Amino acid sequence: MPKILDGAAIAAQIKQEVAEEVKRLADQGVRPGLAAVLVGHVPASEIYVRNKVQTCAELGLFSELITPPDTVTTEDLFDLVSSLNSRDDIDGILIQLPLPKHVDAKFLLDAVSPAKDVDGFHPINAGRLQAGRPALAPCTPAGVIEILKRSGIPISGQNAVVVGRSDIVGKPAAMLLLHENATVTICHSKTRDLAEVTRQADILVAAIGRPGFITPEMVKPGAVIIDVGINRIDTREDFDRFFAGNAKREAAFAKRGSVIVGDVHPAAFEVSSAYTPVPGGVGLLTIAMLMSNTVRAAKMRRGL
Ligand code: NAP
C-alpha cells in the first residue's frame, strides 16, 4: 500500500513552528505583518484571502486586508503597493491573483519590494533562488520540499521529474529540488515522449492544471508522487473517469455537485510508494509557507 503524505499534519507542524517564532520575536518587540490586497469579488480569491488573514490571527501575526473595487486602476494599485513598501509594520505584501484584466499584474508584482515579496514572485527573488542565495521562495514549491523532507523522503541523487514550467510552481519547484541535489528534468507541453520521461522519475511532481493527466503507465513503480494540481470537476462523466466506485467521493459529489481532483489520476497513486492526496496534500502547505515566508521576511529585513 502506498503511503499517503499527509499535508494537514505537516502544515500544522509548520504553523506551530511559526507561532513559536512569532512569540520569540514578540519578546524582541517585533510583530511580523502581512498586507493582503484583494481586488474585486472573485469568490475563490475571497476564500483564499480570508483563510490567509485568519491564519495570521491564529499564529499571532499582524494582518491587514485591503479590498479595492474591481474598477481600480493600475496606477492606484501601484500607489498602494508603494505605500505598503514603505510601512514598517508590514513585512509581507500579498497581491491576490487573478487581478482584473485591465490591471497590469506583472507591473504590480514587480513593484512589490523584493524584501516584502512573500509570494516569491519578484524576478529578484526568482534570480536569487536560481543563484542559490537567500531568497523568499514561492510558497507552493517551498511546500513541496517541506513535504518531502518532513516525510523522510530522500531527495539527494534522486531523479526528479517536474511536469509543468510555470514561474509560480514548476520552475521554482525544479530549482528547489536541484538545490537539494536531485537530478532534475522539467517537462512541458512540447516534451516528446512524456511518459518515457516521467517513468524515469523517483520523485514525480505534477503541476499541469489538467485533471488526472498523469496515468498509471506514466509512473515508475515505487516512485513518490507529488500532485500539485487542483482541478474542479462537475460532470458525471469526469467523476466516473476518476472516482467510479469511491463511496466517499460519491457522497461529496452528490452534496456539492463537484469534487476536486489533482493532475494525477487516482489509479496512478496505486503504482507509487508514497503520494500527496488532493485535497489534503500540497494545497494545505501553501498558507503555512506564506506564514513562514512572512516571518522570514520580518527577520531578514531587521537583520535578525
Ligand atoms: P500553468 O501556469 O497553467 O502551467 C501549467 C504547465 O503545465 C505549463 O508549463 C504547461 O506547459 C504544462 N502542461 C500543460 N499541458 C501539458 C501537457 N499536455 N503535457 C505536458 N505539460 C503540460 O499552471 P500552474 O499555475 O503552474 O498550476 C499547475 C497546477 O497546480 C494547477 O492545477 C493549479 O491549480 C495548481 N496549483 C496549486 C497550488 C496550491 O496547491 N496551492 C498553487 C498553484 C497552482 P507549457 O509551458 O508548454 O504551456
# chains A, B, ... in the order shown; residues from 1 in each chain; ligands from 1
call {"tool": "residues_near_ligand", "arguments": {"ligand": "ligand 1", "cutoff": "6 Å", "atoms": "only C-alpha atoms and all ligand atoms", "output": "list in words"}}
result
Thr140, Val163, Gly164, Arg165, Ser166, Ile168, Val169, Gly170, Cys187, His188, Ser189, Lys190, Ala207, Ile208, Gly209, Val228, Gly229, Ile230, Asn231, Val282, Gly283 and Thr286 of chain A
call {"tool": "closest_atom_pairs", "arguments": {"of": "segment 128-226 of chain A", "to": "segment 253-260 of chain A", "cutoff": "12 Å", "atoms": "only C-alpha atoms", "output": "Markdown table"}}
result
| residue | atom | partner | partner_atom | distance |
| --- | --- | --- | --- | --- |
| A:Gly209 | CA | A:Ile260 | CA | 11.8 |
| A:Arg210 | CA | A:Ile260 | CA | 11.5 |
| A:Pro211 | CA | A:Ile260 | CA | 8.8 |
| A:Gly212 | CA | A:Ile260 | CA | 10.4 |
call {"tool": "write_last_selection", "arguments": {"atoms": "N, CA, C and O atoms", "output": "PDB file, in the first residue's frame"}}
result
ATOM      1  N   GLY A 209      -2.234  21.415 -14.287  1.00  0.00           N
ATOM      2  CA  GLY A 209      -3.532  22.079 -14.408  1.00  0.00           C
ATOM      3  C   GLY A 209      -4.491  21.313 -15.297  1.00  0.00           C
ATOM      4  O   GLY A 209      -5.384  21.895 -15.909  1.00  0.00           O
ATOM      5  N   ARG A 210      -4.295  19.991 -15.395  1.00  0.00           N
ATOM      6  CA  ARG A 210      -5.220  19.143 -16.175  1.00  0.00           C
ATOM      7  C   ARG A 210      -5.644  17.958 -15.316  1.00  0.00           C
ATOM      8  O   ARG A 210      -4.777  17.186 -14.877  1.00  0.00           O
ATOM      9  N   PRO A 211      -6.959  17.821 -15.101  1.00  0.00           N
ATOM     10  CA  PRO A 211      -7.423  16.774 -14.187  1.00  0.00           C
ATOM     11  C   PRO A 211      -6.946  15.373 -14.578  1.00  0.00           C
ATOM     12  O   PRO A 211      -7.110  14.963 -15.731  1.00  0.00           O
ATOM     13  N   GLY A 212      -6.350  14.690 -13.608  1.00  0.00           N
ATOM     14  CA  GLY A 212      -5.974  13.285 -13.791  1.00  0.00           C
ATOM     15  C   GLY A 212      -5.075  13.009 -14.966  1.00  0.00           C
ATOM     16  O   GLY A 212      -5.110  11.922 -15.549  1.00  0.00           O
TER      17      GLY A 212
END
call {"tool": "residues_around", "arguments": {"residues": "Arg199 of chain A", "least_positions_apart": "5", "cutoff": "9 Å", "atoms": "only C-alpha atoms", "output": "count of residues only"}}
result
9
call {"tool": "closest_residue", "arguments": {"among": "A:Arg150, A:Lys171, A:Lys248, A:Arg241", "to": "Val205 of chain A", "atoms": "only C-alpha atoms"}}
result
A:Lys171
call {"tool": "residues_around", "arguments": {"residues": "segment 144-147 of chain A", "least_positions_apart": "6", "cutoff": "8 Å", "atoms": "only C-alpha atoms", "output": "MDAnalysis selection string"}}
result
chainID A and resid 5 7 10 173 176:177 226 282 285
call {"tool": "write_last_selection", "arguments": {"atoms": "all heavy atoms", "output": "PDB file, in the first residue's frame"}}
result
ATOM      1  N   LEU A   5       1.048  10.971   2.022  1.00  0.00           N
ATOM      2  CA  LEU A   5       1.806  12.070   2.644  1.00  0.00           C
ATOM      3  C   LEU A   5       0.793  13.124   3.087  1.00  0.00           C
ATOM      4  O   LEU A   5       0.157  13.781   2.260  1.00  0.00           O
ATOM      5  CB  LEU A   5       2.830  12.638   1.647  1.00  0.00           C
ATOM      6  CG  LEU A   5       3.780  11.576   1.056  1.00  0.00           C
ATOM      7  CD1 LEU A   5       4.671  12.183  -0.024  1.00  0.00           C
ATOM      8  CD2 LEU A   5       4.624  10.928   2.150  1.00  0.00           C
ATOM      9  N   GLY A   7      -0.659  16.237   4.125  1.00  0.00           N
ATOM     10  CA  GLY A   7      -0.410  17.684   4.089  1.00  0.00           C
ATOM     11  C   GLY A   7      -0.917  18.397   5.330  1.00  0.00           C
ATOM     12  O   GLY A   7      -0.283  19.350   5.799  1.00  0.00           O
ATOM     13  N   ILE A  10       1.600  18.012   8.251  1.00  0.00           N
ATOM     14  CA  ILE A  10       2.846  18.767   8.011  1.00  0.00           C
ATOM     15  C   ILE A  10       2.574  20.267   8.098  1.00  0.00           C
ATOM     16  O   ILE A  10       3.350  21.019   8.694  1.00  0.00           O
ATOM     17  CB  ILE A  10       3.460  18.359   6.649  1.00  0.00           C
ATOM     18  CG1 ILE A  10       3.878  16.889   6.714  1.00  0.00           C
ATOM     19  CG2 ILE A  10       4.654  19.245   6.294  1.00  0.00           C
ATOM     20  CD1 ILE A  10       4.243  16.270   5.393  1.00  0.00           C
ATOM     21  N   ALA A 173       9.899  24.891  -8.326  1.00  0.00           N
ATOM     22  CA  ALA A 173       9.959  23.542  -7.723  1.00  0.00           C
ATOM     23  C   ALA A 173      11.201  22.821  -8.235  1.00  0.00           C
ATOM     24  O   ALA A 173      11.929  22.179  -7.467  1.00  0.00           O
ATOM     25  CB  ALA A 173       8.693  22.748  -8.059  1.00  0.00           C
ATOM     26  N   LEU A 176      14.315  24.293  -6.559  1.00  0.00           N
ATOM     27  CA  LEU A 176      14.464  23.863  -5.159  1.00  0.00           C
ATOM     28  C   LEU A 176      14.924  22.401  -5.082  1.00  0.00           C
ATOM     29  O   LEU A 176      15.757  22.047  -4.242  1.00  0.00           O
ATOM     30  CB  LEU A 176      13.135  24.050  -4.404  1.00  0.00           C
ATOM     31  CG  LEU A 176      12.744  25.514  -4.133  1.00  0.00           C
ATOM     32  CD1 LEU A 176      11.284  25.610  -3.701  1.00  0.00           C
ATOM     33  CD2 LEU A 176      13.648  26.136  -3.063  1.00  0.00           C
ATOM     34  N   LEU A 177      14.398  21.568  -5.972  1.00  0.00           N
ATOM     35  CA  LEU A 177      14.822  20.161  -5.993  1.00  0.00           C
ATOM     36  C   LEU A 177      16.293  20.052  -6.397  1.00  0.00           C
ATOM     37  O   LEU A 177      17.047  19.244  -5.851  1.00  0.00           O
ATOM     38  CB  LEU A 177      13.942  19.361  -6.964  1.00  0.00           C
ATOM     39  CG  LEU A 177      12.521  19.087  -6.477  1.00  0.00           C
ATOM     40  CD1 LEU A 177      11.606  18.704  -7.636  1.00  0.00           C
ATOM     41  CD2 LEU A 177      12.532  17.966  -5.425  1.00  0.00           C
ATOM     42  N   ILE A 226       4.154  13.754  -6.123  1.00  0.00           N
ATOM     43  CA  ILE A 226       3.681  14.991  -5.509  1.00  0.00           C
ATOM     44  C   ILE A 226       2.711  15.638  -6.493  1.00  0.00           C
ATOM     45  O   ILE A 226       3.109  16.075  -7.576  1.00  0.00           O
ATOM     46  CB  ILE A 226       4.852  15.963  -5.217  1.00  0.00           C
ATOM     47  CG1 ILE A 226       5.936  15.293  -4.364  1.00  0.00           C
ATOM     48  CG2 ILE A 226       4.327  17.240  -4.574  1.00  0.00           C
ATOM     49  CD1 ILE A 226       5.532  14.970  -2.947  1.00  0.00           C
ATOM     50  N   VAL A 282      -0.488  18.995  -1.009  1.00  0.00           N
ATOM     51  CA  VAL A 282       0.314  20.208  -1.213  1.00  0.00           C
ATOM     52  C   VAL A 282      -0.482  21.483  -0.923  1.00  0.00           C
ATOM     53  O   VAL A 282       0.045  22.442  -0.351  1.00  0.00           O
ATOM     54  CB  VAL A 282       0.832  20.262  -2.678  1.00  0.00           C
ATOM     55  CG1 VAL A 282       1.616  21.523  -2.937  1.00  0.00           C
ATOM     56  CG2 VAL A 282       1.678  19.040  -2.986  1.00  0.00           C
ATOM     57  N   LEU A 285      -0.192  23.201   2.315  1.00  0.00           N
ATOM     58  CA  LEU A 285       1.107  23.757   2.708  1.00  0.00           C
ATOM     59  C   LEU A 285       1.258  25.211   2.289  1.00  0.00           C
ATOM     60  O   LEU A 285       2.060  25.957   2.853  1.00  0.00           O
ATOM     61  CB  LEU A 285       2.224  22.941   2.029  1.00  0.00           C
ATOM     62  CG  LEU A 285       2.813  21.775   2.801  1.00  0.00           C
ATOM     63  CD1 LEU A 285       3.638  22.263   3.968  1.00  0.00           C
ATOM     64  CD2 LEU A 285       1.750  20.822   3.293  1.00  0.00           C
TER      65      LEU A 285
END
call {"tool": "select_by_dssp", "arguments": {"residues": "segment 57-249 of chain A", "states": "strand (DSSP E)", "output": "number ranges by chain"}}
result
A: 62-66, 92-95, 159-163, 183-187, 203-206, 224-227, 231-233
call {"tool": "write_last_selection", "arguments": {"atoms": "N, CA, C and O atoms", "output": "short mmCIF file (atom, residue, chain, number, x, y, z; two decimals), in the first residue's frame"}}
result
data_model
loop_
_atom_site.label_atom_id
_atom_site.label_comp_id
_atom_site.auth_asym_id
_atom_site.auth_seq_id
_atom_site.Cartn_x
_atom_site.Cartn_y
_atom_site.Cartn_z
N PHE A 62 0.41 40.12 12.60
CA PHE A 62 -0.48 41.22 12.26
C PHE A 62 -0.90 41.05 10.80
O PHE A 62 -0.10 40.61 9.97
N SER A 63 -2.16 41.37 10.48
CA SER A 63 -2.52 41.36 9.06
C SER A 63 -3.47 42.50 8.76
O SER A 63 -4.18 42.98 9.65
N GLU A 64 -3.42 42.93 7.53
CA GLU A 64 -4.32 43.99 7.09
C GLU A 64 -4.88 43.59 5.73
O GLU A 64 -4.12 43.24 4.82
N LEU A 65 -6.19 43.60 5.64
CA LEU A 65 -6.83 43.24 4.37
C LEU A 65 -7.27 44.51 3.66
O LEU A 65 -8.00 45.33 4.23
N ILE A 66 -6.81 44.68 2.43
CA ILE A 66 -7.17 45.87 1.66
C ILE A 66 -7.96 45.41 0.45
O ILE A 66 -7.51 44.52 -0.29
N GLY A 92 5.23 41.62 4.75
CA GLY A 92 4.90 40.86 3.56
C GLY A 92 3.73 41.49 2.83
O GLY A 92 2.78 41.97 3.46
N ILE A 93 3.83 41.52 1.50
CA ILE A 93 2.73 42.07 0.69
C ILE A 93 2.26 40.97 -0.25
O ILE A 93 3.05 40.37 -0.99
N LEU A 94 0.96 40.72 -0.17
CA LEU A 94 0.39 39.66 -0.99
C LEU A 94 -0.64 40.30 -1.92
O LEU A 94 -1.58 40.95 -1.44
N ILE A 95 -0.45 40.16 -3.21
CA ILE A 95 -1.47 40.64 -4.15
C ILE A 95 -2.17 39.40 -4.69
O ILE A 95 -1.57 38.59 -5.41
N ASN A 159 16.22 10.92 -9.16
CA ASN A 159 15.73 11.52 -10.41
C ASN A 159 14.38 12.17 -10.11
O ASN A 159 13.43 11.48 -9.75
N ALA A 160 14.34 13.51 -10.24
CA ALA A 160 13.08 14.21 -10.03
C ALA A 160 12.60 14.74 -11.37
O ALA A 160 13.37 15.36 -12.11
N VAL A 161 11.36 14.45 -11.70
CA VAL A 161 10.77 14.97 -12.94
C VAL A 161 9.62 15.88 -12.55
O VAL A 161 8.71 15.48 -11.81
N VAL A 162 9.71 17.13 -13.03
CA VAL A 162 8.65 18.10 -12.76
C VAL A 162 7.88 18.31 -14.06
O VAL A 162 8.48 18.68 -15.07
N VAL A 163 6.59 18.02 -14.05
CA VAL A 163 5.78 18.28 -15.24
C VAL A 163 5.08 19.62 -15.03
O VAL A 163 4.24 19.75 -14.13
N THR A 183 18.54 15.08 -9.42
CA THR A 183 18.81 15.25 -10.85
C THR A 183 17.47 15.58 -11.48
O THR A 183 16.56 14.75 -11.47
N VAL A 184 17.35 16.81 -11.97
CA VAL A 184 16.01 17.33 -12.28
C VAL A 184 15.75 17.42 -13.79
O VAL A 184 16.59 17.91 -14.54
N THR A 185 14.59 16.97 -14.18
CA THR A 185 14.12 17.15 -15.55
C THR A 185 12.82 17.94 -15.50
O THR A 185 11.96 17.65 -14.67
N ILE A 186 12.72 18.95 -16.35
CA ILE A 186 11.47 19.74 -16.41
C ILE A 186 10.76 19.41 -17.72
O ILE A 186 11.35 19.50 -18.79
N CYS A 187 9.49 19.05 -17.61
CA CYS A 187 8.69 18.73 -18.80
C CYS A 187 7.60 19.77 -18.99
O CYS A 187 7.21 20.46 -18.05
N ILE A 203 11.05 10.81 -8.06
CA ILE A 203 10.11 11.78 -7.49
C ILE A 203 9.42 12.46 -8.67
O ILE A 203 10.09 13.07 -9.52
N LEU A 204 8.11 12.34 -8.75
CA LEU A 204 7.36 12.92 -9.87
C LEU A 204 6.48 14.05 -9.34
O LEU A 204 5.62 13.82 -8.49
N VAL A 205 6.73 15.26 -9.82
CA VAL A 205 5.93 16.41 -9.39
C VAL A 205 5.02 16.82 -10.55
O VAL A 205 5.51 17.11 -11.65
N ALA A 206 3.72 16.81 -10.31
CA ALA A 206 2.76 17.15 -11.37
C ALA A 206 2.18 18.53 -11.09
O ALA A 206 1.50 18.72 -10.08
N VAL A 224 7.73 8.33 -5.85
CA VAL A 224 6.98 9.21 -4.95
C VAL A 224 6.29 10.25 -5.83
O VAL A 224 6.93 10.87 -6.68
N ILE A 225 4.99 10.43 -5.64
CA ILE A 225 4.24 11.38 -6.48
C ILE A 225 3.80 12.58 -5.65
O ILE A 225 3.15 12.42 -4.61
N ILE A 226 4.15 13.75 -6.12
CA ILE A 226 3.68 14.99 -5.51
C ILE A 226 2.71 15.64 -6.49
O ILE A 226 3.11 16.07 -7.58
N ASP A 227 1.46 15.67 -6.12
CA ASP A 227 0.42 16.18 -7.02
C ASP A 227 0.04 17.61 -6.61
O ASP A 227 -0.62 17.82 -5.59
N ASN A 231 -8.02 20.77 -9.53
CA ASN A 231 -8.99 20.93 -10.63
C ASN A 231 -10.36 20.53 -10.14
O ASN A 231 -10.53 19.49 -9.51
N ARG A 232 -11.33 21.39 -10.43
CA ARG A 232 -12.70 21.08 -10.04
C ARG A 232 -13.40 20.34 -11.19
O ARG A 232 -13.34 20.80 -12.34
N ILE A 233 -14.00 19.21 -10.91
CA ILE A 233 -14.77 18.52 -11.96
C ILE A 233 -16.23 18.46 -11.53
O ILE A 233 -16.54 18.24 -10.36
#
